[in-house]
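J.: The following file, final_8.pdb, comprises PDB, C-alpha atoms:
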ATOM      1  CA  MET A   1       0.000   0.000   0.000
ATOM      2  CA  THR A   2       1.234   3.477  -0.898
ATOM      3  CA  ILE A   3       0.629   6.397   1.436
ATOM      4  CA  HIS A   4       0.362   9.893  -0.012
ATOM      5  CA  ASP A   5       0.375  13.140   1.954
ATOM      6  CA  ARG A   6      -1.627  15.757   0.100
ATOM      7  CA  THR A   7      -4.057  18.550   0.830
ATOM      8  CA  THR A   8      -6.096  20.282  -1.851
ATOM      9  CA  THR A   9      -9.340  22.091  -2.544
ATOM     10  CA  PRO A  10     -12.045  20.500  -4.699
ATOM     11  CA  ALA A  11     -12.050  21.269  -8.421
ATOM     12  CA  PRO A  12     -15.266  21.849 -10.401
ATOM     13  CA  ALA A  13     -17.285  18.715 -11.129
ATOM     14  CA  TYR A  14     -17.344  19.063 -14.914
ATOM     15  CA  PRO A  15     -14.454  21.158 -16.274
ATOM     16  CA  GLY A  16     -14.245  20.931 -20.043
ATOM     17  CA  GLU A  17     -10.546  20.245 -20.291
ATOM     18  CA  ALA A  18     -10.739  16.889 -18.518
ATOM     19  CA  THR A  19     -10.402  13.689 -20.541
ATOM     20  CA  ALA A  20      -9.169  11.016 -18.117
ATOM     21  CA  MET A  21     -11.057   7.784 -17.643
ATOM     22  CA  ILE A  22     -10.238   4.676 -15.634
ATOM     23  CA  THR A  23     -10.523   1.600 -17.838
ATOM     24  CA  PRO A  24     -12.325  -1.462 -16.463
ATOM     25  CA  ASP A  25     -10.310  -3.827 -14.323
ATOM     26  CA  THR A  26     -10.352  -7.503 -15.259
ATOM     27  CA  ASN A  27      -8.906  -9.084 -12.121
ATOM     28  CA  GLY A  28     -12.075  -9.248 -10.051
ATOM     29  CA  THR A  29     -10.966  -6.476  -7.684
ATOM     30  CA  PRO A  30     -13.612  -4.262  -6.039
ATOM     31  CA  LEU A  31     -14.989  -1.333  -7.984
ATOM     32  CA  ILE A  32     -13.820   0.893  -5.094
ATOM     33  CA  ARG A  33     -11.127   0.148  -2.528
ATOM     34  CA  LEU A  34     -10.153   2.637   0.179
ATOM     35  CA  SER A  35      -7.075   1.801   2.237
ATOM     36  CA  GLU A  36      -6.232   3.731   5.426
ATOM     37  CA  ILE A  37      -7.862   6.918   4.169
ATOM     38  CA  THR A  38      -7.440   9.978   6.374
ATOM     39  CA  LYS A  39      -8.465  13.582   5.855
ATOM     40  CA  ILE A  40      -7.103  16.367   8.016
ATOM     41  CA  TYR A  41      -8.275  19.958   7.761
ATOM     42  CA  ARG A  42      -6.494  22.941   9.247
ATOM     43  CA  VAL A  43      -8.774  25.404  11.027
ATOM     44  CA  GLY A  44      -6.522  28.173  12.244
ATOM     45  CA  THR A  45      -3.927  26.421  14.348
ATOM     46  CA  GLU A  46      -6.153  23.383  14.877
ATOM     47  CA  ARG A  47      -5.920  20.104  12.948
ATOM     48  CA  VAL A  48      -9.339  18.518  12.470
ATOM     49  CA  HIS A  49      -9.295  14.795  11.669
ATOM     50  CA  ALA A  50     -12.421  14.383   9.521
ATOM     51  CA  LEU A  51     -11.443  10.797   8.557
ATOM     52  CA  ALA A  52      -9.160   8.762  10.785
ATOM     53  CA  GLY A  53      -8.261   5.674   8.745
ATOM     54  CA  ILE A  54     -11.060   4.318   6.528
ATOM     55  CA  ASN A  55     -10.776   0.877   4.947
ATOM     56  CA  LEU A  56     -13.650   0.101   2.619
ATOM     57  CA  ASP A  57     -14.438  -2.074  -0.416
ATOM     58  CA  ILE A  58     -17.472  -1.418  -2.612
ATOM     59  CA  GLN A  59     -18.350  -3.910  -5.321
ATOM     60  CA  ALA A  60     -19.944  -3.187  -8.682
ATOM     61  CA  ASN A  61     -23.769  -3.061  -8.332
ATOM     62  CA  ASP A  62     -23.575  -2.477  -4.567
ATOM     63  CA  TYR A  63     -26.451  -0.409  -3.141
ATOM     64  CA  VAL A  64     -24.886   1.424  -0.212
ATOM     65  CA  ALA A  65     -26.138   3.927   2.348
ATOM     66  CA  ILE A  66     -23.578   5.954   4.296
ATOM     67  CA  MET A  67     -24.914   7.292   7.589
ATOM     68  CA  GLY A  68     -23.576   9.188  10.564
ATOM     69  CA  ALA A  69     -24.213  12.148  12.816
ATOM     70  CA  SER A  70     -23.069  15.642  11.905
ATOM     71  CA  GLY A  71     -19.287  15.685  12.095
ATOM     72  CA  SER A  72     -18.952  11.928  11.657
ATOM     73  CA  GLY A  73     -17.091  12.310   8.344
ATOM     74  CA  LYS A  74     -19.772  11.172   5.909
ATOM     75  CA  SER A  75     -19.655  14.307   3.738
ATOM     76  CA  THR A  76     -15.855  14.164   3.633
ATOM     77  CA  LEU A  77     -16.014  10.507   2.646
ATOM     78  CA  MET A  78     -18.510  11.329  -0.092
ATOM     79  CA  ASN A  79     -16.220  14.035  -1.480
ATOM     80  CA  ILE A  80     -13.300  11.623  -1.612
ATOM     81  CA  LEU A  81     -15.364   8.829  -3.190
ATOM     82  CA  GLY A  82     -16.586  11.326  -5.795
ATOM     83  CA  CYS A  83     -13.061  12.605  -6.555
ATOM     84  CA  LEU A  84     -14.177  16.072  -5.466
ATOM     85  CA  ASP A  85     -11.374  16.027  -2.896
ATOM     86  CA  ILE A  86      -8.388  13.812  -2.177
ATOM     87  CA  ALA A  87      -7.296  12.210   1.062
ATOM     88  CA  THR A  88      -4.496  13.553   3.201
ATOM     89  CA  THR A  89      -3.063  10.047   3.396
ATOM     90  CA  GLY A  90      -4.116   6.657   2.109
ATOM     91  CA  THR A  91      -4.964   5.033  -1.206
ATOM     92  CA  TYR A  92      -8.170   5.186  -3.246
ATOM     93  CA  CYS A  93      -8.376   2.620  -6.043
ATOM     94  CA  LEU A  94     -11.156   2.820  -8.621
ATOM     95  CA  ARG A  95     -11.378  -0.274 -10.826
ATOM     96  CA  GLY A  96      -7.930  -1.242  -9.572
ATOM     97  CA  ALA A  97      -6.283   2.058 -10.539
ATOM     98  CA  ASP A  98      -4.912   4.373  -7.850
ATOM     99  CA  VAL A  99      -6.752   7.671  -8.417
ATOM    100  CA  SER A 100      -4.935   9.291  -5.483
ATOM    101  CA  ARG A 101      -1.955   9.635  -7.846
ATOM    102  CA  LEU A 102      -3.869  11.602 -10.503
ATOM    103  CA  SER A 103      -3.786  15.316 -11.267
ATOM    104  CA  GLN A 104      -6.813  17.524 -10.656
ATOM    105  CA  SER A 105      -7.608  17.641 -14.395
ATOM    106  CA  LYS A 106      -7.591  13.845 -14.614
ATOM    107  CA  LEU A 107      -9.737  13.577 -11.486
ATOM    108  CA  ALA A 108     -12.174  15.955 -13.159
ATOM    109  CA  GLY A 109     -12.288  13.621 -16.153
ATOM    110  CA  ILE A 110     -13.233  10.736 -13.884
ATOM    111  CA  ARG A 111     -15.975  12.835 -12.299
ATOM    112  CA  GLY A 112     -17.319  13.799 -15.700
ATOM    113  CA  ARG A 113     -17.360  10.302 -17.168
ATOM    114  CA  GLN A 114     -17.553   7.717 -14.393
ATOM    115  CA  ILE A 115     -19.344   9.279 -11.420
ATOM    116  CA  GLY A 116     -22.852  10.709 -11.577
ATOM    117  CA  PHE A 117     -23.781  13.150  -8.805
ATOM    118  CA  VAL A 118     -27.206  13.794  -7.293
ATOM    119  CA  PHE A 119     -27.407  16.590  -4.705
ATOM    120  CA  GLN A 120     -30.000  17.549  -2.105
ATOM    121  CA  SER A 121     -30.440  21.009  -3.645
ATOM    122  CA  PHE A 122     -30.711  19.661  -7.233
ATOM    123  CA  GLU A 123     -28.056  22.092  -8.599
ATOM    124  CA  LEU A 124     -29.961  22.866 -11.799
ATOM    125  CA  LEU A 125     -29.286  25.956 -13.918
ATOM    126  CA  PRO A 126     -32.431  28.069 -13.409
ATOM    127  CA  ARG A 127     -32.608  29.684 -16.871
ATOM    128  CA  THR A 128     -32.012  26.426 -18.724
ATOM    129  CA  THR A 129     -34.556  23.758 -19.697
ATOM    130  CA  ALA A 130     -34.569  20.303 -18.162
ATOM    131  CA  LEU A 131     -33.194  18.915 -21.420
ATOM    132  CA  LYS A 132     -30.305  21.385 -21.525
ATOM    133  CA  ASN A 133     -29.527  20.740 -17.848
ATOM    134  CA  VAL A 134     -29.236  17.029 -18.610
ATOM    135  CA  GLU A 135     -27.072  17.734 -21.661
ATOM    136  CA  LEU A 136     -24.650  19.851 -19.639
ATOM    137  CA  PRO A 137     -22.127  17.128 -18.634
ATOM    138  CA  LEU A 138     -22.014  15.932 -22.247
ATOM    139  CA  ALA A 139     -21.385  19.467 -23.477
ATOM    140  CA  TYR A 140     -18.458  19.902 -21.084
ATOM    141  CA  MET A 141     -16.951  16.663 -22.352
ATOM    142  CA  HIS A 142     -17.686  17.508 -26.030
ATOM    143  CA  VAL A 143     -19.768  14.350 -26.488
ATOM    144  CA  PRO A 144     -21.762  14.099 -29.759
ATOM    145  CA  HIS A 145     -25.496  13.297 -30.039
ATOM    146  CA  ARG A 146     -26.165  15.086 -26.758
ATOM    147  CA  ARG A 147     -29.858  15.730 -27.322
ATOM    148  CA  LYS A 148     -30.636  12.086 -28.080
ATOM    149  CA  ARG A 149     -28.766  10.861 -25.009
ATOM    150  CA  ALA A 150     -30.333  13.496 -22.760
ATOM    151  CA  LEU A 151     -33.844  12.582 -23.932
ATOM    152  CA  ARG A 152     -33.091   8.924 -23.259
ATOM    153  CA  ALA A 153     -31.942   9.787 -19.722
ATOM    154  CA  LEU A 154     -35.101  11.824 -19.096
ATOM    155  CA  GLU A 155     -37.164   8.892 -20.354
ATOM    156  CA  ARG A 156     -35.499   6.629 -17.776
ATOM    157  CA  VAL A 157     -36.798   8.868 -14.977
ATOM    158  CA  GLY A 158     -40.249   9.344 -16.565
ATOM    159  CA  LEU A 159     -39.829  13.010 -17.440
ATOM    160  CA  THR A 160     -39.809  13.331 -21.234
ATOM    161  CA  ASP A 161     -42.995  15.436 -21.073
ATOM    162  CA  ARG A 162     -41.106  18.061 -19.036
ATOM    163  CA  ALA A 163     -38.011  18.205 -21.243
ATOM    164  CA  HIS A 164     -38.600  21.818 -22.281
ATOM    165  CA  HIS A 165     -39.695  23.121 -18.874
ATOM    166  CA  HIS A 166     -37.444  25.325 -16.755
ATOM    167  CA  PRO A 167     -36.730  24.442 -13.112
ATOM    168  CA  ASN A 168     -39.205  27.054 -11.812
ATOM    169  CA  GLN A 169     -41.921  25.167 -13.724
ATOM    170  CA  LEU A 170     -41.092  21.862 -12.012
ATOM    171  CA  SER A 171     -41.982  20.398  -8.637
ATOM    172  CA  GLY A 172     -39.257  19.377  -6.195
ATOM    173  CA  GLY A 173     -39.585  15.748  -7.193
ATOM    174  CA  GLN A 174     -39.393  16.608 -10.881
ATOM    175  CA  LYS A 175     -36.276  18.706 -10.285
ATOM    176  CA  GLN A 176     -34.639  15.759  -8.552
ATOM    177  CA  ARG A 177     -35.576  13.474 -11.422
ATOM    178  CA  VAL A 178     -33.892  15.913 -13.819
ATOM    179  CA  ALA A 179     -30.835  15.802 -11.566
ATOM    180  CA  ILE A 180     -30.879  11.984 -11.657
ATOM    181  CA  ALA A 181     -31.165  12.041 -15.462
ATOM    182  CA  ARG A 182     -28.181  14.404 -15.590
ATOM    183  CA  ALA A 183     -26.228  11.954 -13.410
ATOM    184  CA  LEU A 184     -27.195   9.067 -15.704
ATOM    185  CA  VAL A 185     -26.508  10.714 -19.056
ATOM    186  CA  GLN A 186     -22.806   9.756 -19.117
ATOM    187  CA  GLU A 187     -23.678   6.139 -18.176
ATOM    188  CA  PRO A 188     -21.376   6.313 -15.130
ATOM    189  CA  ASP A 189     -19.980   3.450 -13.095
ATOM    190  CA  ILE A 190     -21.274   5.014  -9.868
ATOM    191  CA  ILE A 191     -24.235   7.169  -8.866
ATOM    192  CA  LEU A 192     -23.289   9.161  -5.770
ATOM    193  CA  ALA A 193     -26.258  10.840  -4.079
ATOM    194  CA  ASP A 194     -25.960  13.318  -1.203
ATOM    195  CA  GLU A 195     -29.184  13.489   0.856
ATOM    196  CA  PRO A 196     -31.254  13.068  -2.339
ATOM    197  CA  THR A 197     -34.603  13.148  -0.500
ATOM    198  CA  GLY A 198     -33.653  15.833   2.029
ATOM    199  CA  ASN A 199     -35.683  18.609   0.333
ATOM    200  CA  LEU A 200     -38.662  16.413  -0.537
ATOM    201  CA  ASP A 201     -41.820  15.335   1.268
ATOM    202  CA  SER A 202     -42.101  11.680   2.222
ATOM    203  CA  ALA A 203     -44.276  10.634  -0.738
ATOM    204  CA  THR A 204     -41.991  12.312  -3.267
ATOM    205  CA  GLY A 205     -38.948  10.898  -1.516
ATOM    206  CA  GLU A 206     -40.484   7.452  -1.938
ATOM    207  CA  GLU A 207     -40.814   8.084  -5.684
ATOM    208  CA  ILE A 208     -37.134   9.044  -5.905
ATOM    209  CA  MET A 209     -36.097   5.920  -4.004
ATOM    210  CA  ASN A 210     -38.223   3.816  -6.378
ATOM    211  CA  ILE A 211     -36.140   5.230  -9.239
ATOM    212  CA  PHE A 212     -32.930   4.374  -7.373
ATOM    213  CA  ASP A 213     -34.226   0.837  -6.744
ATOM    214  CA  SER A 214     -34.913   0.458 -10.464
ATOM    215  CA  LEU A 215     -31.476   1.760 -11.438
ATOM    216  CA  HIS A 216     -29.835  -0.680  -9.036
ATOM    217  CA  ALA A 217     -31.911  -3.535 -10.456
ATOM    218  CA  ASP A 218     -30.546  -2.566 -13.887
ATOM    219  CA  GLY A 219     -26.981  -2.996 -12.589
ATOM    220  CA  GLN A 220     -26.100   0.525 -11.436
ATOM    221  CA  THR A 221     -23.771   0.939  -8.441
ATOM    222  CA  MET A 222     -25.483   3.289  -5.970
ATOM    223  CA  ILE A 223     -23.947   5.125  -3.003
ATOM    224  CA  ILE A 224     -26.319   7.307  -0.961
ATOM    225  CA  VAL A 225     -25.250   9.604   1.860
ATOM    226  CA  THR A 226     -28.278  10.070   4.120
ATOM    227  CA  HIS A 227     -29.422  10.669   7.679
ATOM    228  CA  GLU A 228     -32.871   9.184   6.999
ATOM    229  CA  GLN A 229     -33.445   5.661   8.283
ATOM    230  CA  ASN A 230     -36.238   4.949   5.792
ATOM    231  CA  VAL A 231     -33.877   5.797   2.911
ATOM    232  CA  ALA A 232     -31.069   3.652   4.336
ATOM    233  CA  ARG A 233     -33.408   0.698   4.764
ATOM    234  CA  ARG A 234     -34.010   0.675   1.000
ATOM    235  CA  CYS A 235     -30.313   0.007   0.441
ATOM    236  CA  HIS A 236     -28.676  -3.421   0.641
ATOM    237  CA  ARG A 237     -25.751  -2.233   2.753
ATOM    238  CA  ILE A 238     -25.557   0.387   5.511
ATOM    239  CA  ILE A 239     -22.207   1.858   6.550
ATOM    240  CA  ARG A 240     -22.265   3.943   9.733
ATOM    241  CA  LEU A 241     -19.527   6.437  10.521
ATOM    242  CA  ARG A 242     -18.530   7.857  13.874
ATOM    243  CA  ASP A 243     -15.606  10.178  14.608
ATOM    244  CA  GLY A 244     -14.101   9.603  11.190
ATOM    245  CA  LEU A 245     -14.152   5.801  11.396
ATOM    246  CA  ILE A 246     -16.493   3.044  10.227
ATOM    247  CA  GLU A 247     -18.505   2.052  13.305
ATOM    248  CA  ALA A 248     -20.674  -0.572  11.569
ATOM    249  CA  ASP A 249     -21.012  -2.138   8.105
ATOM    250  CA  GLU A 250     -24.260  -4.066   7.758
ATOM    251  CA  ARG A 251     -25.411  -6.069   4.740
ATOM    252  CA  ARG A 252     -29.145  -6.520   4.394
ATOM    253  CA  ALA A 253     -31.161  -9.180   2.622
TER     254      ALA A 253
END
Mind converting the file's structure to structure tokens?
T.:
Amino acid sequence: MTIHDRTTTPAPAYPGEATAMITPDTNGTPLIRLSEITKIYRVGTERVHALAGINLDIQANDYVAIMGASGSGKSTLMNILGCLDIATTGTYCLRGADVSRLSQSKLAGIRGRQIGFVFQSFELLPRTTALKNVELPLAYMHVPHRRKRALRALERVGLTDRAHHHPNQLSGGQKQRVAIARALVQEPDIILADEPTGNLDSATGEEIMNIFDSLHADGQTMIIVTHEQNVARRCHRIIRLRDGLIEADERRA
């Protein structure tokens, strides 16, 4: 195992100059492997240990919930898994390749092509239609046939009839479905969702989780950061963090 000592700030999720992509591994190794991951932040003269030595394997088509109280490290872990930040020390292997060795531009390429993000606040461009919002990652990566692929992604979340609506014409649940379509449009290895039902009522949250269940059934690897027990219970694996460490890792039937 190689230990790296680095500190950096996150780069944008979809910069246009990024082209890197991790090719599939053929040796049966986990999709994700974290080895002795730490993250230390400096706050004035203080050193805050957000992660204190995480060891974690996630297999392809896993359906994982990450839970923990405020300050447990779950958001930091999500940022590292999503290549939005890098660990202070430790090794992160994606499909057997050590991404902790990559430059920020190459990490951005991985984010653009292999990790789809779904956020609590949707993160849609307000003056842009649902279709154009879904096309956005493809535009940054200069992918052809963007409209066709974006329409197909909207169809997967049942929203083709709202393709030309702007976010202010959509309900909260519809906005989140647009965000899911945007995450799907690059056909990523991983969907990484941060509190995806946090801004939704319980019935709409159930609809969003039904979509996630369907995506998982189709073979998608899903990682959901949540504080909601009813969301975690829909997943097949629940990882609980406390004080920057994994306190429990439960697989469900």
J.: What's around stretch 44-55 of chain A at 9 Å? Count only C-alpha atoms, leave out sequence neighbours fewer than 5 positions away in its own chain, and write the answer as a ChimeraX atom specification.
T.: /A:33-39,71-74,76-77,87,89-90,243-246
J.: My list of candidates is A:Cys93, A:Val178, A:Leu56, A:Ile86. Which is closest to A:Leu124 when distances are computed with all atoms listed in the file?
T.: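 Answer, going by the shortest atom-to-atom distance: A:Val178.
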J.: Stretch 79-186 of chain A near stretch 57-69 of chain A within 12 Å: what's each residue's closest atom pair and its distance in Å to one decimal, counting only C-alpha atoms, ordered by chain then ascending residue number, as JSON lines?
T.:
{"residue": "A:Leu81", "atom": "CA", "partner": "A:Ile58", "partner_atom": "CA", "distance": 10.5}
{"residue": "A:Thr91", "atom": "CA", "partner": "A:Asp57", "partner_atom": "CA", "distance": 11.9}
{"residue": "A:Tyr92", "atom": "CA", "partner": "A:Asp57", "partner_atom": "CA", "distance": 10.0}
{"residue": "A:Cys93", "atom": "CA", "partner": "A:Asp57", "partner_atom": "CA", "distance": 9.5}
{"residue": "A:Leu94", "atom": "CA", "partner": "A:Ile58", "partner_atom": "CA", "distance": 9.7}
{"residue": "A:Arg95", "atom": "CA", "partner": "A:Ala60", "partner_atom": "CA", "distance": 9.3}
{"residue": "A:Gly96", "atom": "CA", "partner": "A:Asp57", "partner_atom": "CA", "distance": 11.3}
J.: Can you measure atom CA of A:Leu131 to atom CA of A:Gln186 for me? One decimal in Å is fine.
T.: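 For atom CA of A:Leu131 relative to atom CA of A:Gln186, the distance reads 14.0 Å.
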J.: Which residue, A:Ala130, A:Leu125, A:Met222, A:Ile32, has the smallest gap to A:Asp98 when you use all atoms listed in the file?
T.: A:Ile32
J.: Do you know which residues are at most 12 Å from A:Asn133 counting only C-alpha atoms, after dropping those on the same chain fewer than 2 positions away, and could you put them as an MDAnalysis selection string?
T.: chainID A and resid 122:131 135:140 146:147 150:151 153:154 162:167 175:183 185
J.: Find the residue from A:Arg111, A:Phe117, A:Leu170, A:Leu184 that sits nearest to A:Glu155; use all atoms listed in the file when measuring.
T.: A:Leu184
J.: What separation in Å, quoted to one decimal, exists between atom CA of A:Val99 and atom CA of A:Ile115?
T.: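 We find that atom CA of A:Val99 and atom CA of A:Ile115 lie 13.0 Å from each other.
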J.: Would you compute the box with edges along x, y and z of the file around stretch 212-220 of chain A, including every atom the file lists for it and 4 Å extra on each side, and give its centre and edge lengths in Å to one decimal, as JSON?
T.:
{"center_x": -30.5, "center_y": 0.4, "center_z": -10.3, "size_x": 16.8, "size_y": 15.9, "size_z": 15.1}
J.: Work out how far apart atom CA of A:Gly173 and atom CA of A:Gly205 are and give it in Å to one decimal.
T.: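 Computing the Euclidean distance for atom CA of A:Gly173 and atom CA of A:Gly205 yields 7.5 Å.
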J.: Smallest atom-to-atom distance to A:Gln104: which of A:Tyr41, A:Gly116, A:Asp249, A:Cys83, using all atoms listed in the file?
T.: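 Among the listed residues, the smallest separation from A:Gln104 belongs to A:Cys83.
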J.: Applying the PyMOL selection byres ((chain A and resi 235) around 8) to the file I just gave you, which residues come out? Please list them as a ChimeraX atom specification.
T.: /A:63-65,231-234,236-238,252
J.: Report as a tab-separated table: every residue of stretch 75-164 of chain A with an atom at most 10 Å from stretch 198-204 of chain A, its closest pair of atoms, and their distance in Å to one decimal, counting only C-alpha atoms, with rows sorted by chain and ascending residue number.
T.:
residue	atom	partner	partner_atom	distance
A:Phe119	CA	A:Gly198	CA	9.2
A:Gln120	CA	A:Gly198	CA	5.8
A:Ser121	CA	A:Asn199	CA	7.0
A:Phe122	CA	A:Asn199	CA	9.1
J.: Of the candidates A:Gly109, A:Ser103, A:Glu206, A:Glu187, which shows the shortest atom-to-atom distance to A:Arg156, using all atoms listed in the file?
T.: A:Glu187
